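> Next up is a structure, given as structure tokens.
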Amino acid sequence: MNGNNTEMMKELTPCGPLDKKAIQWLLTLHQIGLDVMRTDRTLVFYEKQENLSKLWDILSVYAWIDTDVGYGQGMSDLCSPMIILLEDEADAFWCFERLMRRLRGNFRCTGNSVGVEKQLSYLAAVTQVIDPKLHHHFERGLTIWFSKDSPNIWKSRKRLKIPELIYFVSYICFVETLGGGDYLFAFRMLMVLFRREFSFCDSLYLWEMMWALEYDPDLFSLYEEPGSNITKAVGSNKGKPKSRRPCGKYERENMKIKSSDASLPISVFLVASVLKDKSSKLLHEARGLDDVVKILNDMTGNLDAKKACIGAMKLHKKYLKMVLLLFFDSPINSLGG
């Protein structure tokens with residue numbers, strides 16, 4: 001794949017000076033090549049060079065057309081299933097492109113935030129409500145451990161395989177807020193939707209269940225180009241009562257509550273259910289981010305997708321009940337009511 005980079009450079013150079021976009025894209029190709037070689041290496045499918053090339057082709061083209069986000073580490077984990085399931089490279093590309101319309105926010109990084117930062121905040125809020133003891137343990141224990149001069153910062157960054165820039169943006173945000181625990185250990189789970197926490201087949205099974213539970217017909221508008229007939233059709237339904245019948249079970253629960261808290265993605269509750277399941281072990285053995293990462297990594301490949309989804313649904317229901325209970329019992333609401 002490095003040969004592909006060299007050939008492209010030779011073809012583009014005679015055409016004159018390269019613009020900023022072309023230079024940035026060519027630099028990105030090197031990182032794509034490295035990530036392709038690391039993706040799903042245990043699968044026999046990628047023993048063939050032609051399959052590695054397909055993965056590289058799709059990620060390279062996507063990096064070119066997505067001028068806002070481009071390519072980010074972790075996209076290869078999301079693209080890999082498309083290559084394996086769909087023989088035609090064009091079909092695989094467009095399926096990946098539609099998937100990224102849903103998940104590209106996870107990879108959007110600015111000088112002040114990372115894509116999954118909001119989801120990490122949601123996870124902290126959910127854990128604080130459903131398991132305050134564990135949340136307090138994260139907040140107290142990890143704040144003490146996460147000192148600026150601690151060498152564990154470097155150890156954890158390497159173990160989590162998080163790019164240095166993203167890691168330090170997350171670290172700076174944590175130091176500034178000093179609340180809600182660290183929860184950086186969930187970065188990878190949320191970024192690539194548990195592709196590395198579950199086996200290949202189980203991760204696809206998990207995706208299928210997640211998206212079925214979250215299903216909302218209006219989401220189709222997100223997958224269409226602006227101004228399309230479908231987008232207009234969805235927009236024309238504003239103001240009309242929405243039927244819950246065609247929606248997934250998780251989305252139906254959200255619609256019953258009609259609360260801003262109901263819009264949390266199911267992925268947050270999936271992580272929360274994993275933490276809840278390992279709560280006792282985390283409380284007794286985790287004294288720092290390294291320990292949390294080790295405990296969670298030890299269960300990689302041993303998680304049950306169906307059990308995780310059932311646990312997430314139960315926690316979601318419990319969380320919404322507790323949040324509403326706190327709201328109606330609050331003095332402010334009593335005065336306003």
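In the structure tokens, chains take the letters A, B, ... in the order shown, each chain's residues start at 1, and ligands count up from 1 in the order shown.
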Hey, what's within 8 Å of Ile130 (chain A) if we count only C-alpha atoms and toss same-chain stuff fewer than 4 positions away? As an MDAnalysis selection string, please?
chainID A and resid 126 315 318:319
> Considering only C-alpha atoms, return as a PyMOL selection string whatever protein or nucleic-acid residues lie within 10 Å of region 275-278 of chain A, sequence-local ones (same chain, fewer than 3 positions apart) excluded.
chain A and resi 127+130-131+134+186+269-272+281-283+292+295-296+299+308+311-312+315
> Based on the selection just made, write N, CA and C atoms of those residues as a CSV table (one decimal), in the first residue's frame.

chain,number,residue,atom,x,y,z
A,127,THR,N,-24.0,7.0,35.1
A,127,THR,CA,-23.4,6.2,36.2
A,127,THR,C,-23.6,6.8,37.6
A,130,ILE,N,-27.3,5.8,38.4
A,130,ILE,CA,-27.6,4.3,38.6
A,130,ILE,C,-26.6,3.6,39.5
A,131,ASP,N,-25.4,4.1,39.7
A,131,ASP,CA,-24.4,3.5,40.5
A,131,ASP,C,-23.5,4.6,41.1
A,134,LEU,N,-20.0,3.6,42.5
A,134,LEU,CA,-18.9,3.4,41.4
A,134,LEU,C,-18.5,4.7,40.9
A,186,ALA,N,-13.7,4.4,28.4
A,186,ALA,CA,-14.8,4.1,27.5
A,186,ALA,C,-14.6,4.7,26.1
A,269,PHE,N,-25.7,3.5,27.4
A,269,PHE,CA,-26.2,2.5,28.4
A,269,PHE,C,-25.6,1.1,28.2
A,270,LEU,N,-25.1,0.8,27.1
A,270,LEU,CA,-24.4,-0.4,26.9
A,270,LEU,C,-23.1,-0.4,27.7
A,271,VAL,N,-22.4,0.7,27.6
A,271,VAL,CA,-21.2,0.8,28.4
A,271,VAL,C,-21.5,0.8,29.9
A,272,ALA,N,-22.6,1.5,30.3
A,272,ALA,CA,-23.0,1.5,31.7
A,272,ALA,C,-23.4,0.1,32.2
A,281,LYS,N,-15.9,-5.7,41.0
A,281,LYS,CA,-14.5,-5.9,40.7
A,281,LYS,C,-13.8,-4.5,40.6
A,282,LEU,N,-14.5,-3.6,39.9
A,282,LEU,CA,-13.9,-2.3,39.7
A,282,LEU,C,-13.7,-1.5,41.1
A,283,LEU,N,-14.7,-1.7,42.0
A,283,LEU,CA,-14.6,-1.0,43.3
A,283,LEU,C,-13.5,-1.6,44.1
A,292,VAL,N,-8.6,0.0,35.5
A,292,VAL,CA,-9.9,0.0,34.9
A,292,VAL,C,-9.7,-0.6,33.5
A,295,ILE,N,-9.0,-4.4,33.7
A,295,ILE,CA,-10.2,-5.2,34.0
A,295,ILE,C,-11.2,-5.3,32.8
A,296,LEU,N,-11.4,-4.2,32.1
A,296,LEU,CA,-12.3,-4.2,30.9
A,296,LEU,C,-11.6,-5.0,29.8
A,299,MET,N,-12.1,-8.9,29.8
A,299,MET,CA,-13.3,-9.5,29.4
A,299,MET,C,-13.6,-9.4,27.9
A,308,ALA,N,-25.9,-7.8,27.0
A,308,ALA,CA,-25.5,-6.4,27.1
A,308,ALA,C,-26.7,-5.5,26.7
A,311,GLY,N,-29.4,-5.6,29.4
A,311,GLY,CA,-28.9,-4.8,30.5
A,311,GLY,C,-29.0,-3.3,30.2
A,312,ALA,N,-28.7,-2.9,29.0
A,312,ALA,CA,-28.8,-1.5,28.6
A,312,ALA,C,-30.2,-1.0,28.7
A,315,LEU,N,-31.2,-0.5,32.4
A,315,LEU,CA,-30.6,0.6,33.0
A,315,LEU,C,-31.2,1.9,32.4
> List as a list in words the protein and nucleic acid residues near Leu120 (chain A), meaning an atom at most 9 Å away when only C-alpha atoms are counted, but skip any in the same chain fewer than 5 places from it.
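Here the qualifying residues turn out to be Ala125, Asp182, Tyr183, Leu184, Ala186, Phe187, Leu190 and Val268 of chain A.
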> Go through A:Leu18, A:Ile65, A:Leu26, A:Val36 one by one, measure the shortest atom-to-atom distance of each to Trp94 (chain A) using only C-alpha atoms, and give the residue with the smallest value.
A:Ile65
> My list of candidates is A:Gly248, A:Gly72, A:Pro265, A:Pro81. Which is closest to Gln31 (chain A) when distances are computed with only C-alpha atoms?
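Closest candidate: A:Gly72.
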> At what distance in Å, to one decimal, does CA of Gly301 (chain A) lie from CA of Trp56 (chain A)?
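The value is 25.9 Å.
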> Counting only C-alpha atoms, which residue out of A:Tyr122, A:Asp57, A:Arg108, A:Met75 sits closest to Phe93 (chain A)?
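Between A:Tyr122, A:Asp57, A:Arg108, A:Met75, the residue approaching Phe93 (chain A) most closely is A:Asp57.
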> Could you pull the residues within 8 Å of region 197-213 of chain A, counting only C-alpha atoms, minus those fewer than 3 positions along the same chain, as a PDB file with all heavy atoms, in the first residue's frame?

ATOM      1  N   PRO A  81     -16.205  -4.619   8.399  1.00  0.00           N
ATOM      2  CA  PRO A  81     -17.350  -5.496   8.158  1.00  0.00           C
ATOM      3  C   PRO A  81     -17.983  -5.312   6.786  1.00  0.00           C
ATOM      4  O   PRO A  81     -18.488  -6.275   6.197  1.00  0.00           O
ATOM      5  CB  PRO A  81     -18.333  -5.110   9.277  1.00  0.00           C
ATOM      6  CG  PRO A  81     -17.481  -4.533  10.350  1.00  0.00           C
ATOM      7  CD  PRO A  81     -16.376  -3.824   9.638  1.00  0.00           C
ATOM      8  N   MET A 189     -14.739   2.140  23.191  1.00  0.00           N
ATOM      9  CA  MET A 189     -16.035   1.473  23.068  1.00  0.00           C
ATOM     10  C   MET A 189     -17.016   2.346  22.297  1.00  0.00           C
ATOM     11  O   MET A 189     -17.734   1.879  21.411  1.00  0.00           O
ATOM     12  CB  MET A 189     -16.621   1.182  24.456  1.00  0.00           C
ATOM     13  CG  MET A 189     -15.847   0.208  25.296  1.00  0.00           C
ATOM     14  SD  MET A 189     -16.778  -0.148  26.817  1.00  0.00           S
ATOM     15  CE  MET A 189     -15.464  -0.706  27.876  1.00  0.00           C
ATOM     16  N   LEU A 193     -17.994   1.650  18.445  1.00  0.00           N
ATOM     17  CA  LEU A 193     -19.166   0.820  18.761  1.00  0.00           C
ATOM     18  C   LEU A 193     -18.804  -0.626  19.114  1.00  0.00           C
ATOM     19  O   LEU A 193     -19.339  -1.569  18.520  1.00  0.00           O
ATOM     20  CB  LEU A 193     -20.166   0.853  17.595  1.00  0.00           C
ATOM     21  CG  LEU A 193     -20.910   2.162  17.374  1.00  0.00           C
ATOM     22  CD1 LEU A 193     -21.943   1.990  16.272  1.00  0.00           C
ATOM     23  CD2 LEU A 193     -21.574   2.658  18.645  1.00  0.00           C
ATOM     24  N   PHE A 194     -17.873  -0.780  20.042  1.00  0.00           N
ATOM     25  CA  PHE A 194     -17.563  -2.085  20.644  1.00  0.00           C
ATOM     26  C   PHE A 194     -16.963  -3.103  19.683  1.00  0.00           C
ATOM     27  O   PHE A 194     -16.988  -4.293  19.957  1.00  0.00           O
ATOM     28  CB  PHE A 194     -18.831  -2.691  21.280  1.00  0.00           C
ATOM     29  CG  PHE A 194     -19.561  -1.757  22.196  1.00  0.00           C
ATOM     30  CD1 PHE A 194     -20.605  -0.968  21.727  1.00  0.00           C
ATOM     31  CD2 PHE A 194     -19.200  -1.637  23.522  1.00  0.00           C
ATOM     32  CE1 PHE A 194     -21.269  -0.083  22.552  1.00  0.00           C
ATOM     33  CE2 PHE A 194     -19.858  -0.756  24.364  1.00  0.00           C
ATOM     34  CZ  PHE A 194     -20.897   0.021  23.883  1.00  0.00           C
ATOM     35  N   CYS A 247     -41.458   2.449  15.504  1.00  0.00           N
ATOM     36  CA  CYS A 247     -40.156   2.683  16.141  1.00  0.00           C
ATOM     37  C   CYS A 247     -39.689   1.472  16.941  1.00  0.00           C
ATOM     38  O   CYS A 247     -40.486   0.615  17.332  1.00  0.00           O
ATOM     39  CB  CYS A 247     -40.241   3.899  17.068  1.00  0.00           C
ATOM     40  SG  CYS A 247     -40.576   5.440  16.204  1.00  0.00           S
ATOM     41  N   GLY A 248     -38.379   1.426  17.188  1.00  0.00           N
ATOM     42  CA  GLY A 248     -37.800   0.356  17.996  1.00  0.00           C
ATOM     43  C   GLY A 248     -38.180   0.509  19.458  1.00  0.00           C
ATOM     44  O   GLY A 248     -38.650   1.571  19.891  1.00  0.00           O
ATOM     45  N   LYS A 249     -37.954  -0.528  20.243  1.00  0.00           N
ATOM     46  CA  LYS A 249     -38.377  -0.552  21.644  1.00  0.00           C
ATOM     47  C   LYS A 249     -37.730   0.563  22.452  1.00  0.00           C
ATOM     48  O   LYS A 249     -38.378   1.229  23.262  1.00  0.00           O
ATOM     49  CB  LYS A 249     -38.024  -1.914  22.256  1.00  0.00           C
ATOM     50  CG  LYS A 249     -38.569  -2.112  23.658  1.00  0.00           C
ATOM     51  CD  LYS A 249     -38.299  -3.522  24.150  1.00  0.00           C
ATOM     52  CE  LYS A 249     -38.877  -3.726  25.555  1.00  0.00           C
ATOM     53  NZ  LYS A 249     -38.602  -5.099  26.049  1.00  0.00           N
ATOM     54  N   TYR A 250     -36.440   0.802  22.237  1.00  0.00           N
ATOM     55  CA  TYR A 250     -35.719   1.848  22.959  1.00  0.00           C
ATOM     56  C   TYR A 250     -36.283   3.221  22.607  1.00  0.00           C
ATOM     57  O   TYR A 250     -36.520   4.055  23.483  1.00  0.00           O
ATOM     58  CB  TYR A 250     -34.231   1.770  22.592  1.00  0.00           C
ATOM     59  CG  TYR A 250     -33.337   2.764  23.291  1.00  0.00           C
ATOM     60  CD1 TYR A 250     -32.825   2.489  24.555  1.00  0.00           C
ATOM     61  CD2 TYR A 250     -32.976   3.971  22.681  1.00  0.00           C
ATOM     62  CE1 TYR A 250     -31.988   3.383  25.199  1.00  0.00           C
ATOM     63  CE2 TYR A 250     -32.140   4.872  23.317  1.00  0.00           C
ATOM     64  CZ  TYR A 250     -31.652   4.572  24.572  1.00  0.00           C
ATOM     65  OH  TYR A 250     -30.827   5.461  25.207  1.00  0.00           O
ATOM     66  N   GLU A 251     -36.538   3.440  21.342  1.00  0.00           N
ATOM     67  CA  GLU A 251     -37.072   4.727  20.890  1.00  0.00           C
ATOM     68  C   GLU A 251     -38.493   4.932  21.398  1.00  0.00           C
ATOM     69  O   GLU A 251     -38.894   6.056  21.724  1.00  0.00           O
ATOM     70  CB  GLU A 251     -37.029   4.799  19.363  1.00  0.00           C
ATOM     71  CG  GLU A 251     -37.458   6.128  18.779  1.00  0.00           C
ATOM     72  CD  GLU A 251     -36.596   7.292  19.240  1.00  0.00           C
ATOM     73  OE1 GLU A 251     -35.422   7.066  19.600  1.00  0.00           O
ATOM     74  OE2 GLU A 251     -37.110   8.425  19.255  1.00  0.00           O
ATOM     75  N   ILE A 266     -28.192   4.668  22.922  1.00  0.00           N
ATOM     76  CA  ILE A 266     -28.181   3.395  23.636  1.00  0.00           C
ATOM     77  C   ILE A 266     -26.756   2.921  23.917  1.00  0.00           C
ATOM     78  O   ILE A 266     -26.514   2.173  24.863  1.00  0.00           O
ATOM     79  CB  ILE A 266     -28.969   2.324  22.849  1.00  0.00           C
ATOM     80  CG1 ILE A 266     -29.250   1.113  23.748  1.00  0.00           C
ATOM     81  CG2 ILE A 266     -28.235   1.917  21.587  1.00  0.00           C
ATOM     82  CD1 ILE A 266     -30.186   0.091  23.139  1.00  0.00           C
ATOM     83  N   SER A 267     -25.791   3.376  23.105  1.00  0.00           N
ATOM     84  CA  SER A 267     -24.400   2.981  23.323  1.00  0.00           C
ATOM     85  C   SER A 267     -23.906   3.391  24.705  1.00  0.00           C
ATOM     86  O   SER A 267     -23.110   2.675  25.325  1.00  0.00           O
ATOM     87  CB  SER A 267     -23.494   3.601  22.247  1.00  0.00           C
ATOM     88  OG  SER A 267     -23.659   5.005  22.189  1.00  0.00           O
ATOM     89  N   ASN A 297     -10.327  -4.890  29.599  1.00  0.00           N
ATOM     90  CA  ASN A 297      -9.669  -5.644  28.522  1.00  0.00           C
ATOM     91  C   ASN A 297      -9.714  -7.147  28.775  1.00  0.00           C
ATOM     92  O   ASN A 297      -9.758  -7.940  27.835  1.00  0.00           O
ATOM     93  CB  ASN A 297      -8.216  -5.197  28.373  1.00  0.00           C
ATOM     94  CG  ASN A 297      -8.078  -3.917  27.562  1.00  0.00           C
ATOM     95  OD1 ASN A 297      -9.033  -3.469  26.930  1.00  0.00           O
ATOM     96  ND2 ASN A 297      -6.902  -3.325  27.587  1.00  0.00           N
ATOM     97  N   MET A 299     -12.075  -8.857  29.763  1.00  0.00           N
ATOM     98  CA  MET A 299     -13.343  -9.476  29.365  1.00  0.00           C
ATOM     99  C   MET A 299     -13.593  -9.353  27.863  1.00  0.00           C
ATOM    100  O   MET A 299     -14.643  -9.750  27.369  1.00  0.00           O
ATOM    101  CB  MET A 299     -14.513  -8.855  30.138  1.00  0.00           C
ATOM    102  CG  MET A 299     -14.719  -7.383  29.913  1.00  0.00           C
ATOM    103  SD  MET A 299     -15.996  -6.750  31.011  1.00  0.00           S
ATOM    104  CE  MET A 299     -16.102  -5.063  30.394  1.00  0.00           C
ATOM    105  N   THR A 300     -12.604  -8.814  27.129  1.00  0.00           N
ATOM    106  CA  THR A 300     -12.734  -8.702  25.688  1.00  0.00           C
ATOM    107  C   THR A 300     -12.940 -10.073  25.057  1.00  0.00           C
ATOM    108  O   THR A 300     -12.190 -11.013  25.317  1.00  0.00           O
ATOM    109  CB  THR A 300     -11.470  -8.051  25.080  1.00  0.00           C
ATOM    110  OG1 THR A 300     -11.360  -6.726  25.598  1.00  0.00           O
ATOM    111  CG2 THR A 300     -11.567  -7.994  23.566  1.00  0.00           C
ATOM    112  N   GLY A 301     -13.956 -10.183  24.224  1.00  0.00           N
ATOM    113  CA  GLY A 301     -14.262 -11.456  23.575  1.00  0.00           C
ATOM    114  C   GLY A 301     -15.147 -12.360  24.398  1.00  0.00           C
ATOM    115  O   GLY A 301     -15.627 -13.386  23.906  1.00  0.00           O
ATOM    116  N   ASN A 302     -15.382 -12.001  25.688  1.00  0.00           N
ATOM    117  CA  ASN A 302     -16.213 -12.829  26.567  1.00  0.00           C
ATOM    118  C   ASN A 302     -17.550 -12.171  26.881  1.00  0.00           C
ATOM    119  O   ASN A 302     -18.275 -12.636  27.755  1.00  0.00           O
ATOM    120  CB  ASN A 302     -15.465 -13.117  27.880  1.00  0.00           C
ATOM    121  CG  ASN A 302     -14.201 -13.916  27.647  1.00  0.00           C
ATOM    122  OD1 ASN A 302     -14.196 -14.869  26.875  1.00  0.00           O
ATOM    123  ND2 ASN A 302     -13.123 -13.518  28.302  1.00  0.00           N
ATOM    124  N   LEU A 303     -17.846 -11.080  26.205  1.00  0.00           N
ATOM    125  CA  LEU A 303     -19.104 -10.377  26.445  1.00  0.00           C
ATOM    126  C   LEU A 303     -20.219 -10.964  25.579  1.00  0.00           C
ATOM    127  O   LEU A 303     -19.982 -11.400  24.458  1.00  0.00           O
ATOM    128  CB  LEU A 303     -18.935  -8.891  26.135  1.00  0.00           C
ATOM    129  CG  LEU A 303     -17.951  -8.114  27.025  1.00  0.00           C
ATOM    130  CD1 LEU A 303     -17.731  -6.723  26.466  1.00  0.00           C
ATOM    131  CD2 LEU A 303     -18.453  -8.042  28.452  1.00  0.00           C
ATOM    132  N   ASP A 304     -21.415 -10.959  26.116  1.00  0.00           N
ATOM    133  CA  ASP A 304     -22.577 -11.476  25.404  1.00  0.00           C
ATOM    134  C   ASP A 304     -23.398 -10.300  24.882  1.00  0.00           C
ATOM    135  O   ASP A 304     -23.863  -9.461  25.660  1.00  0.00           O
ATOM    136  CB  ASP A 304     -23.424 -12.340  26.343  1.00  0.00           C
ATOM    137  CG  ASP A 304     -24.609 -12.960  25.624  1.00  0.00           C
ATOM    138  OD1 ASP A 304     -25.658 -12.286  25.533  1.00  0.00           O
ATOM    139  OD2 ASP A 304     -24.484 -14.102  25.148  1.00  0.00           O
ATOM    140  N   ALA A 305     -23.568 -10.222  23.568  1.00  0.00           N
ATOM    141  CA  ALA A 305     -24.240  -9.077  22.944  1.00  0.00           C
ATOM    142  C   ALA A 305     -25.699  -8.954  23.389  1.00  0.00           C
ATOM    143  O   ALA A 305     -26.170  -7.859  23.710  1.00  0.00           O
ATOM    144  CB  ALA A 305     -24.162  -9.204  21.423  1.00  0.00           C
ATOM    145  N   LYS A 306     -26.411 -10.067  23.424  1.00  0.00           N
ATOM    146  CA  LYS A 306     -27.826 -10.030  23.812  1.00  0.00           C
ATOM    147  C   LYS A 306     -27.976  -9.593  25.267  1.00  0.00           C
ATOM    148  O   LYS A 306     -28.823  -8.760  25.600  1.00  0.00           O
ATOM    149  CB  LYS A 306     -28.459 -11.406  23.601  1.00  0.00           C
ATOM    150  CG  LYS A 306     -29.967 -11.408  23.824  1.00  0.00           C
ATOM    151  CD  LYS A 306     -30.573 -12.760  23.465  1.00  0.00           C
ATOM    152  CE  LYS A 306     -32.094 -12.741  23.648  1.00  0.00           C
ATOM    153  NZ  LYS A 306     -32.698 -14.049  23.274  1.00  0.00           N
ATOM    154  N   CYS A 309     -27.420  -5.840  25.608  1.00  0.00           N
ATOM    155  CA  CYS A 309     -28.554  -5.034  25.163  1.00  0.00           C
ATOM    156  C   CYS A 309     -29.709  -5.069  26.173  1.00  0.00           C
ATOM    157  O   CYS A 309     -30.337  -4.041  26.445  1.00  0.00           O
ATOM    158  CB  CYS A 309     -29.053  -5.518  23.805  1.00  0.00           C
ATOM    159  SG  CYS A 309     -28.127  -4.835  22.419  1.00  0.00           S
TER     160      CYS A 309
END
> Can you measure CA of Leu52 (chain A) to CA of Ile84 (chain A) for me? One decimal in Å is fine.
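Those two atoms sit 10.5 Å apart.
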> Please measure the separation of CA of Cys95 (chain A) and CA of Ile58 (chain A), giving the value in Å to one decimal.
10.5 Å
> Which residue is closest to Trp25 (chain A)? Choose from A:Ala63, A:Met37, A:Val293, A:Ile83 and count only C-alpha atoms.
A:Ala63
> Measuring atom to atom with only C-alpha atoms, identify which of A:Glu89, A:Glu214, A:Glu50, A:Asp35 is nearest to Ser76 (chain A).
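Among the listed residues, the smallest separation from Ser76 (chain A) belongs to A:Asp35.
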> Need the shell around Leu103 (chain A): protein/DNA/RNA residues with any atom at most 10 Å away, counting only C-alpha atoms. Skip same-chain ones fewer than 2 positions apart. Format as a PyMOL selection string?
chain A and resi 75+78+97-101+105-108+115-116+190-193
> Restricted to N, CA and C atoms, what would the selected residues look like written as a PDB file, in the first residue's frame?

ATOM      1  N   MET A  75     -11.789   4.293  12.064  1.00  0.00           N
ATOM      2  CA  MET A  75     -12.687   4.128  10.915  1.00  0.00           C
ATOM      3  C   MET A  75     -12.459   2.782  10.223  1.00  0.00           C
ATOM      4  N   LEU A  78     -14.701   0.197  11.598  1.00  0.00           N
ATOM      5  CA  LEU A  78     -16.087   0.320  11.159  1.00  0.00           C
ATOM      6  C   LEU A  78     -16.269  -0.109   9.704  1.00  0.00           C
ATOM      7  N   GLU A  97     -20.083   4.770   3.805  1.00  0.00           N
ATOM      8  CA  GLU A  97     -20.344   6.212   3.769  1.00  0.00           C
ATOM      9  C   GLU A  97     -21.634   6.549   4.516  1.00  0.00           C
ATOM     10  N   ARG A  98     -22.660   5.702   4.362  1.00  0.00           N
ATOM     11  CA  ARG A  98     -23.920   5.931   5.080  1.00  0.00           C
ATOM     12  C   ARG A  98     -23.731   5.689   6.579  1.00  0.00           C
ATOM     13  N   LEU A  99     -22.956   4.700   6.934  1.00  0.00           N
ATOM     14  CA  LEU A  99     -22.673   4.453   8.352  1.00  0.00           C
ATOM     15  C   LEU A  99     -21.968   5.650   8.970  1.00  0.00           C
ATOM     16  N   MET A 100     -21.040   6.239   8.236  1.00  0.00           N
ATOM     17  CA  MET A 100     -20.292   7.382   8.753  1.00  0.00           C
ATOM     18  C   MET A 100     -21.166   8.618   8.907  1.00  0.00           C
ATOM     19  N   ARG A 101     -22.247   8.707   8.151  1.00  0.00           N
ATOM     20  CA  ARG A 101     -23.170   9.831   8.348  1.00  0.00           C
ATOM     21  C   ARG A 101     -23.761   9.779   9.746  1.00  0.00           C
ATOM     22  N   GLY A 105     -19.625  12.082  13.765  1.00  0.00           N
ATOM     23  CA  GLY A 105     -19.448  12.990  14.896  1.00  0.00           C
ATOM     24  C   GLY A 105     -18.471  12.459  15.923  1.00  0.00           C
ATOM     25  N   ASN A 106     -18.338  11.119  16.007  1.00  0.00           N
ATOM     26  CA  ASN A 106     -17.383  10.514  16.944  1.00  0.00           C
ATOM     27  C   ASN A 106     -15.948  10.879  16.608  1.00  0.00           C
ATOM     28  N   PHE A 107     -15.694  11.224  15.350  1.00  0.00           N
ATOM     29  CA  PHE A 107     -14.324  11.466  14.888  1.00  0.00           C
ATOM     30  C   PHE A 107     -14.032  12.955  14.693  1.00  0.00           C
ATOM     31  N   ARG A 108     -15.003  13.791  14.972  1.00  0.00           N
ATOM     32  CA  ARG A 108     -14.785  15.229  14.786  1.00  0.00           C
ATOM     33  C   ARG A 108     -14.046  15.796  15.997  1.00  0.00           C
ATOM     34  N   GLY A 115     -14.756  14.065  19.591  1.00  0.00           N
ATOM     35  CA  GLY A 115     -16.086  13.671  19.163  1.00  0.00           C
ATOM     36  C   GLY A 115     -16.939  12.988  20.206  1.00  0.00           C
ATOM     37  N   VAL A 116     -16.340  12.093  20.984  1.00  0.00           N
ATOM     38  CA  VAL A 116     -17.133  11.326  21.943  1.00  0.00           C
ATOM     39  C   VAL A 116     -17.170  11.977  23.319  1.00  0.00           C
ATOM     40  N   LEU A 190     -17.071   3.630  22.661  1.00  0.00           N
ATOM     41  CA  LEU A 190     -18.021   4.543  22.043  1.00  0.00           C
ATOM     42  C   LEU A 190     -17.582   4.970  20.649  1.00  0.00           C
ATOM     43  N   MET A 191     -16.275   5.112  20.460  1.00  0.00           N
ATOM     44  CA  MET A 191     -15.745   5.568  19.175  1.00  0.00           C
ATOM     45  C   MET A 191     -16.061   4.587  18.049  1.00  0.00           C
ATOM     46  N   VAL A 192     -15.824   3.297  18.271  1.00  0.00           N
ATOM     47  CA  VAL A 192     -16.005   2.304  17.198  1.00  0.00           C
ATOM     48  C   VAL A 192     -17.086   1.277  17.531  1.00  0.00           C
ATOM     49  N   LEU A 193     -17.994   1.650  18.445  1.00  0.00           N
ATOM     50  CA  LEU A 193     -19.166   0.820  18.761  1.00  0.00           C
ATOM     51  C   LEU A 193     -18.804  -0.626  19.114  1.00  0.00           C
TER      52      LEU A 193
END
